[in-house]
Number of protein chains: 2
Amino acid sequence: MNFKQLEYFSAVAEAGSISGASRTLHVAQPPISRQLALLEDELGVTLFLRTNKGVALTEAGRCLWQQSRQMFQNLRTMADSVREVDAGLWGQLKLGVIYSDVQIATSLLKEYHETYPQVELYVRMGAPGDLLDDLGRGELHALFLRSQSERSYGLRERVLGVDPLELVMCPGTDPAPGCDAVPIQALRDVPMCLLRSDDLWGYGRDLLEECRRAGFSPNVVCHCYDTPMEMQMVQAGFGVGFLPKSVVAAHPGSPVYTKPVLEFSAKSYPVLVWENSPYQTGCVKRFLELANST
Amino acid sequence: MNFKQLEYFSAVAEAGSISGASRTLHVAQPPISRQLALLEDELGVTLFLRTNKGVALTEAGRCLWQQSRQMFQNLRTMADSVREVDAGLWGQLKLGVIYSDVQIATSLLKEYHETYPQVELYVRMGAPGDLLDDLGRGELHALFLRSQSERSYGLRERVLGVDPLELVMCPGTDPAPGCDAVPIQALRDVPMCLLRSDDLWGYGRDLLEECRRAGFSPNVVCHCYDTPMEMQMVQAGFGVGFLPKSVVAAHPGSPVYTKPVLEFSAKSYPVLVWENSPYQTGCVKRFLELANST
DNA sequence: TATTAGCTATATAAAAAAAGTATGGAGGTC
DNA sequence: GACCTCCATACTTTTTTTATATAGCTAATA
């Protein structure tokens with residue numbers, strides 16, 4: 001049994017005669033007779049009653065007709081769905097996001113989801129090191145990180161924006177109360193809560209560099225592993241912190257606030273990072289195209 | 001897209017390599033490569049990532065694999081169900097039954113149903129003429145009648161049993177109270193309720209013949225179109241009747257009872273009647289085989 | 001009654017498709 | 001570096017499928 005036989009069979013069933021089917025199929029009549037006979041032989045079943053004015057389906061033939069129509073329907077949708085999967089309209093997109101990239105990630109994902117609503121989204125929030133591990137194992141397709149990660153060798157990245165570092169403080173630890181900006185010299189000896197310097201976050205090193213240029217090294221009272229914890233420590237009054245402006249803006253109810261630091265230019269760059277492989281699934285390709293086009 | 005292509009594709013997906021599939025399929029490797037390429041060309045989709053140690057399904061390939069497995073499964077069940085329909089395990093069996101054949105019909109149908117439980121049964125009770133009309137139109141497959149129908153020309157029939165005619169009466173009309181049997185002479189001038197003589201029922205004529213041989217013609221006070229009505233008229237005291245013994249036995253609560261008539265041998269033969277066509281459906285063939293084997 | 005038209009089945013030749021053979025390149029492994 | 005496995009390509013052979021021609025059958029028609 002093969003598709004051609006079923007195709008001929010269906011055409012004959014619809015036309016009510018073999019010669020009629022031969023006209024609709026643009027195929028001579030004997031081949032159709034022959035393929036029908038082969039099909040009947042294989043099934044061991046008479047599918048048509050032959051008369052001199054056409055053919056009529058037997059009960060078994062009707063059964064086969066019903067089912068073969070269903071099968072051809074399935075066949076068409078099968079080909080379509082395969083093409084759709086290839087085009088990235090269906091599938092899974094698995095992303096990792098660090099705490100401070102939630103805003104930019106969700107807005108980009110929202111845009112993606114409007115174009116590809118059928119794609120199943122998997123999003124994981126975590127520390128950059130953990131996310132990079134998952135990316136390496138192929139469990140995630142792309143990551144929203146901050147630039148300058150040490151481990152991005154072999155990975156591709158795309159900068160999604162710029163986020164200036166600002167001083168974070170609560171009223172009790174403000175080193176320049178009443179001023180709109182803080183001179184960097186005012187930070188000498190001020191207790192600070194910073195992201196740990198051996199972290200994967202690139203701007204940690206930039207920050208230390210800027211302080212060194214100003215002639216001091218920061219008085220770090222607490223090394224934080226992630227920005228939410230740094231926010232909490234600053235809010236608890238352990239000291240001031242340095243964070244991307246947008247991270248603080250994402251906590252509107254918090255008593256913590258930021259001020260720019262004069263003559264200080266360290267910046268954080270949100271980036272999308274992915275494996276440099278030519279064998280991406282359609283979903284991932286489309287997502288990366290979108291990310292690279294905006 | 002082709003049956004063979006999907007077959008090769010599935011084998012490659014399962015084996016994880018083209019050469020592996022060539023071993024399981026007992027086909028050389030190049031044809032498989034070629035059919036795969038044709039399939040990919042037609043779909044416009046890359047189904048496998050080729051490496052030097054085998055091939056790996058792409059996302060689209062996985063999609064096709066899932067669906068093609070489902071399709072092969074459907075194809076198998078399709079062939080099976082067609083064979084089952086042909087064998088008479090599935091389908092419809094439409095039967096007509098006259099009032100007096102209900103017993104024999106249900107018992108035969110019960111036996112049939114135990115062997116072919118999936119067959120949908122349609123049973124219609126009615127007058128023999130109506131049933132024969134439906135049989136002629138192909139709306140019924142076979143009928144349970146009584147023998148000697150005038151219209152059974154071109155039909156085949158099988159006798160299912162013998163049912164002696166007996167005199168039916170109620171206590172008020174018993175022509176020989178206290179006797180176990182009635183001499184036929186005792187029926188002269190006795191009011192009778194009989195099936196109408198121009199009916200299709202064969203034994204109506206036999207009955208009149210027996211009376212004529214006894215030297216009288218029956219005093220028919222009521223001509224009945226069917227046996228239930230005759231039963232009712234007898235029960236209502238209009239007169240005695242002649243009915244097959246089993247018909248009366250089928251009304252156990254009735255005050256009506258039968259007695260044999262001496263020197264009277266008219267009999268009724270329950271028969272199964274069907275169209276003498278070689279193009280019966282499987283169900284009908286099996287049913288007729290069963291009826292003819294018992 | 002003979003004829004014609006329309007259908008299916010069969011035989012044979014032609015065309016198309018698929019399989020097999022031989023070979024080369026790519027990427028590991030010993 | 002030799003060797004092995006795997007996939008792709010070029011080419012030949014085999015198989016399958018199609019087309020052509022024809023015959024048989026039945027029903028309608030002149």
# chains A, B, ... in the order shown; residues from 1 in each chain; ligands from 1
call {"tool": "interface_residues", "arguments": {"of": "chain C", "to": "chain A", "cutoff": "10 Å", "atoms": "only C-alpha atoms (C1' of nucleotides)", "output": "ChimeraX atom specification"}}
result
/C:6-10
call {"tool": "interface_residues", "arguments": {"of": "chain B", "to": "chain A", "cutoff": "8 Å", "atoms": "only C-alpha atoms", "output": "PDB file with C-alpha atoms, in the first residue's frame"}}
result
ATOM      1  CA  ASN B   2       6.185   9.772  -0.889  1.00  0.00           C
ATOM      2  CA  PHE B   3       5.478   6.712   1.177  1.00  0.00           C
ATOM      3  CA  LYS B   4       8.925   5.342   0.570  1.00  0.00           C
ATOM      4  CA  LEU B  43       9.410  20.297   2.035  1.00  0.00           C
ATOM      5  CA  GLY B  44      11.999  23.034   1.701  1.00  0.00           C
ATOM      6  CA  VAL B  45      13.210  22.063   5.153  1.00  0.00           C
ATOM      7  CA  THR B  46      16.399  20.551   6.550  1.00  0.00           C
ATOM      8  CA  LEU B  49      22.052  17.721  10.608  1.00  0.00           C
ATOM      9  CA  THR B  58      16.444  19.003  13.516  1.00  0.00           C
ATOM     10  CA  GLU B  59      13.427  20.430  15.296  1.00  0.00           C
ATOM     11  CA  ALA B  60      11.446  20.195  12.049  1.00  0.00           C
ATOM     12  CA  GLY B  61      12.709  16.639  11.595  1.00  0.00           C
ATOM     13  CA  CYS B  63       8.117  17.136  14.158  1.00  0.00           C
ATOM     14  CA  LEU B  64       7.972  15.074  10.989  1.00  0.00           C
ATOM     15  CA  GLN B  67       3.755  12.678  12.834  1.00  0.00           C
ATOM     16  CA  MET B  71       0.702   8.101  10.211  1.00  0.00           C
ATOM     17  CA  ASN B  74      -2.958   4.902  11.293  1.00  0.00           C
ATOM     18  CA  MET B  78      -6.690   1.404   8.448  1.00  0.00           C
ATOM     19  CA  ALA B  79      -5.736  -1.769   6.597  1.00  0.00           C
ATOM     20  CA  SER B  81     -10.242  -2.192   9.780  1.00  0.00           C
ATOM     21  CA  VAL B  82     -10.842  -2.518   6.052  1.00  0.00           C
ATOM     22  CA  ARG B  83     -10.179  -6.239   6.300  1.00  0.00           C
ATOM     23  CA  VAL B  85     -15.274  -4.689   7.473  1.00  0.00           C
ATOM     24  CA  ASP B  86     -14.767  -7.064   4.579  1.00  0.00           C
ATOM     25  CA  GLY B  91     -21.041  -2.838   9.580  1.00  0.00           C
ATOM     26  CA  TYR B 279     -22.801  -8.464  -3.838  1.00  0.00           C
ATOM     27  CA  THR B 281     -21.806  -6.970   2.458  1.00  0.00           C
ATOM     28  CA  GLY B 282     -19.631  -8.970   4.802  1.00  0.00           C
TER      29      GLY B 282
END
call {"tool": "residues_around", "arguments": {"residues": "DG24 (chain C)", "least_positions_apart": "4", "cutoff": "12 Å", "atoms": "only C-alpha atoms (C1' of nucleotides)", "output": "ChimeraX atom specification"}}
result
/D:7-10
call {"tool": "select_by_dssp", "arguments": {"residues": "region 32-279 of chain A", "states": "strand (DSSP E)", "output": "ChimeraX atom specification"}}
result
/A:48-51,54-57,92-97,120-125,142-146,155-159,163-169,182-183,191-195,219-224,240-244,257-259,261-262,267-268,270-275
call {"tool": "residues_around", "arguments": {"residues": "DA19 (chain C)", "least_positions_apart": "3", "cutoff": "10 Å", "atoms": "only C-alpha atoms (C1' of nucleotides)", "output": "list in words"}}
result
Val27, Ala28, Gln29, Pro30, Pro31 and Ile32 of chain B; DT13, DT14 and DT15 of chain D
call {"tool": "residues_around", "arguments": {"residues": "Cys193 (chain A)", "least_positions_apart": "6", "cutoff": "12 Å", "atoms": "only C-alpha atoms (C1' of nucleotides)", "output": "NGL selection string"}}
result
:A and (167-169 or 173 or 204 or 218-243)
call {"tool": "interface_residues", "arguments": {"of": "chain D", "to": "chain A", "cutoff": "12 Å", "atoms": "only C-alpha atoms (C1' of nucleotides)", "output": "list in words"}}
result
DT16, DT17, DT18, DA19, DT20, DA21, DT22, DG24, DC25, DT26, DA27 and DA28 of chain D
call {"tool": "residues_around", "arguments": {"residues": "Gln185 (chain A)", "least_positions_apart": "4", "cutoff": "9 Å", "atoms": "only C-alpha atoms (C1' of nucleotides)", "output": "list in words"}}
result
Cys211, Ala214, Gly215 and Phe216 of chain A
call {"tool": "write_last_selection", "arguments": {"atoms": "N, CA and C atoms", "output": "PDB file, in the first residue's frame"}}
result
ATOM      1  N   CYS A 211      37.547  54.313  40.859  1.00  0.00           N
ATOM      2  CA  CYS A 211      37.922  54.726  42.216  1.00  0.00           C
ATOM      3  C   CYS A 211      39.432  54.873  42.320  1.00  0.00           C
ATOM      4  N   ALA A 214      40.501  58.010  41.005  1.00  0.00           N
ATOM      5  CA  ALA A 214      40.189  59.124  41.903  1.00  0.00           C
ATOM      6  C   ALA A 214      41.098  59.143  43.117  1.00  0.00           C
ATOM      7  N   GLY A 215      41.936  58.145  43.237  1.00  0.00           N
ATOM      8  CA  GLY A 215      42.932  58.185  44.292  1.00  0.00           C
ATOM      9  C   GLY A 215      42.573  57.435  45.553  1.00  0.00           C
ATOM     10  N   PHE A 216      41.596  56.595  45.474  1.00  0.00           N
ATOM     11  CA  PHE A 216      41.295  55.800  46.676  1.00  0.00           C
ATOM     12  C   PHE A 216      40.789  54.444  46.273  1.00  0.00           C
TER      13      PHE A 216
END
call {"tool": "closest_residue", "arguments": {"among": "B:Gly129, B:Met192, B:Leu89, B:Ser100", "to": "His113 (chain B)", "atoms": "only C-alpha atoms"}}
result
B:Leu89
call {"tool": "atom_distance", "arguments": {"atom1": "CA of Val162 (chain B)", "atom2": "CA of Pro270 (chain B)"}}
result
6.7 Å
call {"tool": "atom_distance", "arguments": {"atom1": "CA of Ala266 (chain A)", "atom2": "CA of Arg212 (chain A)"}}
result
12.7 Å
call {"tool": "select_by_dssp", "arguments": {"residues": "region 137-293 of chain A", "states": "alpha helix (DSSP H)", "output": "ChimeraX atom specification"}}
result
/A:202-214,227-235,245-249,282-293
call {"tool": "write_last_selection", "arguments": {"atoms": "N, CA and C atoms", "output": "mmCIF file, in the first residue's frame"}}
result
data_model
loop_
_atom_site.group_PDB
_atom_site.id
_atom_site.type_symbol
_atom_site.label_atom_id
_atom_site.label_comp_id
_atom_site.auth_asym_id
_atom_site.auth_seq_id
_atom_site.Cartn_x
_atom_site.Cartn_y
_atom_site.Cartn_z
ATOM 1 N N GLY A 202 31.063 42.592 34.275
ATOM 2 C CA GLY A 202 32.153 43.421 33.777
ATOM 3 C C GLY A 202 32.302 44.740 34.487
ATOM 4 N N TYR A 203 31.217 45.364 34.866
ATOM 5 C CA TYR A 203 31.379 46.727 35.369
ATOM 6 C C TYR A 203 31.953 46.770 36.777
ATOM 7 N N GLY A 204 32.023 45.639 37.427
ATOM 8 C CA GLY A 204 32.698 45.622 38.739
ATOM 9 C C GLY A 204 34.132 46.097 38.619
ATOM 10 N N ARG A 205 34.816 45.584 37.610
ATOM 11 C CA ARG A 205 36.208 45.997 37.433
ATOM 12 C C ARG A 205 36.313 47.479 37.040
ATOM 13 N N ASP A 206 35.419 47.918 36.165
ATOM 14 C CA ASP A 206 35.420 49.325 35.749
ATOM 15 C C ASP A 206 35.251 50.242 36.950
ATOM 16 N N LEU A 207 34.362 49.814 37.818
ATOM 17 C CA LEU A 207 34.082 50.623 39.008
ATOM 18 C C LEU A 207 35.322 50.795 39.864
ATOM 19 N N LEU A 208 35.991 49.681 40.141
ATOM 20 C CA LEU A 208 37.204 49.749 40.955
ATOM 21 C C LEU A 208 38.251 50.638 40.279
ATOM 22 N N GLU A 209 38.299 50.525 38.961
ATOM 23 C CA GLU A 209 39.263 51.313 38.205
ATOM 24 C C GLU A 209 39.007 52.807 38.376
ATOM 25 N N GLU A 210 37.730 53.189 38.323
ATOM 26 C CA GLU A 210 37.388 54.607 38.457
ATOM 27 C C GLU A 210 37.772 55.119 39.849
ATOM 28 N N CYS A 211 37.547 54.313 40.859
ATOM 29 C CA CYS A 211 37.922 54.726 42.216
ATOM 30 C C CYS A 211 39.432 54.873 42.320
ATOM 31 N N ARG A 212 40.149 53.931 41.761
ATOM 32 C CA ARG A 212 41.601 54.013 41.790
ATOM 33 C C ARG A 212 42.060 55.305 41.131
ATOM 34 N N ARG A 213 41.438 55.643 39.991
ATOM 35 C CA ARG A 213 41.810 56.872 39.299
ATOM 36 C C ARG A 213 41.549 58.089 40.176
ATOM 37 N N ALA A 214 40.501 58.010 41.005
ATOM 38 C CA ALA A 214 40.189 59.124 41.903
ATOM 39 C C ALA A 214 41.098 59.143 43.117
ATOM 40 N N THR A 227 22.326 41.754 42.404
ATOM 41 C CA THR A 227 21.820 43.109 42.600
ATOM 42 C C THR A 227 20.669 43.192 43.589
ATOM 43 N N PRO A 228 19.730 42.236 43.609
ATOM 44 C CA PRO A 228 18.669 42.361 44.616
ATOM 45 C C PRO A 228 19.216 42.379 46.028
ATOM 46 N N MET A 229 20.251 41.541 46.265
ATOM 47 C CA MET A 229 20.827 41.515 47.607
ATOM 48 C C MET A 229 21.541 42.833 47.904
ATOM 49 N N GLU A 230 22.184 43.386 46.886
ATOM 50 C CA GLU A 230 22.861 44.670 47.092
ATOM 51 C C GLU A 230 21.832 45.750 47.437
ATOM 52 N N MET A 231 20.702 45.720 46.707
ATOM 53 C CA MET A 231 19.621 46.660 47.026
ATOM 54 C C MET A 231 19.199 46.528 48.491
ATOM 55 N N GLN A 232 19.037 45.294 48.930
ATOM 56 C CA GLN A 232 18.588 45.045 50.306
ATOM 57 C C GLN A 232 19.602 45.575 51.328
ATOM 58 N N MET A 233 20.890 45.353 51.051
ATOM 59 C CA MET A 233 21.922 45.786 52.002
ATOM 60 C C MET A 233 21.992 47.305 52.072
ATOM 61 N N VAL A 234 21.856 47.958 50.889
ATOM 62 C CA VAL A 234 21.867 49.429 50.867
ATOM 63 C C VAL A 234 20.663 49.963 51.634
ATOM 64 N N GLN A 235 19.518 49.329 51.378
ATOM 65 C CA GLN A 235 18.293 49.755 52.047
ATOM 66 C C GLN A 235 18.400 49.555 53.563
ATOM 67 N N LYS A 245 21.285 52.316 36.756
ATOM 68 C CA LYS A 245 20.156 53.177 37.097
ATOM 69 C C LYS A 245 18.827 52.445 36.968
ATOM 70 N N SER A 246 18.723 51.648 35.918
ATOM 71 C CA SER A 246 17.437 51.013 35.647
ATOM 72 C C SER A 246 17.087 49.970 36.704
ATOM 73 N N VAL A 247 18.103 49.370 37.331
ATOM 74 C CA VAL A 247 17.826 48.358 38.352
ATOM 75 C C VAL A 247 17.133 49.015 39.536
ATOM 76 N N VAL A 248 17.621 50.169 39.929
ATOM 77 C CA VAL A 248 17.007 50.852 41.061
ATOM 78 C C VAL A 248 15.620 51.342 40.671
ATOM 79 N N ALA A 249 15.494 51.804 39.437
ATOM 80 C CA ALA A 249 14.198 52.301 38.982
ATOM 81 C C ALA A 249 13.152 51.193 38.962
ATOM 82 N N GLY A 282 14.458 26.973 14.516
ATOM 83 C CA GLY A 282 13.799 28.100 13.874
ATOM 84 C C GLY A 282 13.390 29.172 14.875
ATOM 85 N N CYS A 283 12.855 28.752 16.015
ATOM 86 C CA CYS A 283 12.434 29.724 17.022
ATOM 87 C C CYS A 283 13.596 30.594 17.433
ATOM 88 N N VAL A 284 14.730 29.946 17.687
ATOM 89 C CA VAL A 284 15.885 30.688 18.189
ATOM 90 C C VAL A 284 16.389 31.645 17.117
ATOM 91 N N LYS A 285 16.432 31.144 15.888
ATOM 92 C CA LYS A 285 16.874 32.022 14.796
ATOM 93 C C LYS A 285 15.998 33.264 14.722
ATOM 94 N N ARG A 286 14.675 33.040 14.735
ATOM 95 C CA ARG A 286 13.762 34.175 14.597
ATOM 96 C C ARG A 286 13.928 35.127 15.777
ATOM 97 N N PHE A 287 14.102 34.548 16.965
ATOM 98 C CA PHE A 287 14.263 35.412 18.139
ATOM 99 C C PHE A 287 15.539 36.237 18.025
ATOM 100 N N LEU A 288 16.609 35.615 17.601
ATOM 101 C CA LEU A 288 17.878 36.348 17.481
ATOM 102 C C LEU A 288 17.788 37.388 16.367
ATOM 103 N N GLU A 289 17.094 37.056 15.302
ATOM 104 C CA GLU A 289 16.889 38.060 14.250
ATOM 105 C C GLU A 289 16.175 39.277 14.791
ATOM 106 N N LEU A 290 15.124 38.997 15.575
ATOM 107 C CA LEU A 290 14.379 40.123 16.160
ATOM 108 C C LEU A 290 15.283 40.948 17.070
ATOM 109 N N ALA A 291 16.042 40.261 17.918
ATOM 110 C CA ALA A 291 16.920 40.972 18.864
ATOM 111 C C ALA A 291 17.967 41.792 18.115
ATOM 112 N N ASN A 292 18.441 41.272 16.996
ATOM 113 C CA ASN A 292 19.486 41.981 16.263
ATOM 114 C C ASN A 292 18.933 43.057 15.334
ATOM 115 N N SER A 293 17.631 43.066 15.148
ATOM 116 C CA SER A 293 17.076 44.053 14.222
ATOM 117 C C SER A 293 16.634 45.317 14.948
#
call {"tool": "atom_distance", "arguments": {"atom1": "CA of Leu155 (chain B)", "atom2": "CA of Asn276 (chain B)"}}
result
5.4 Å
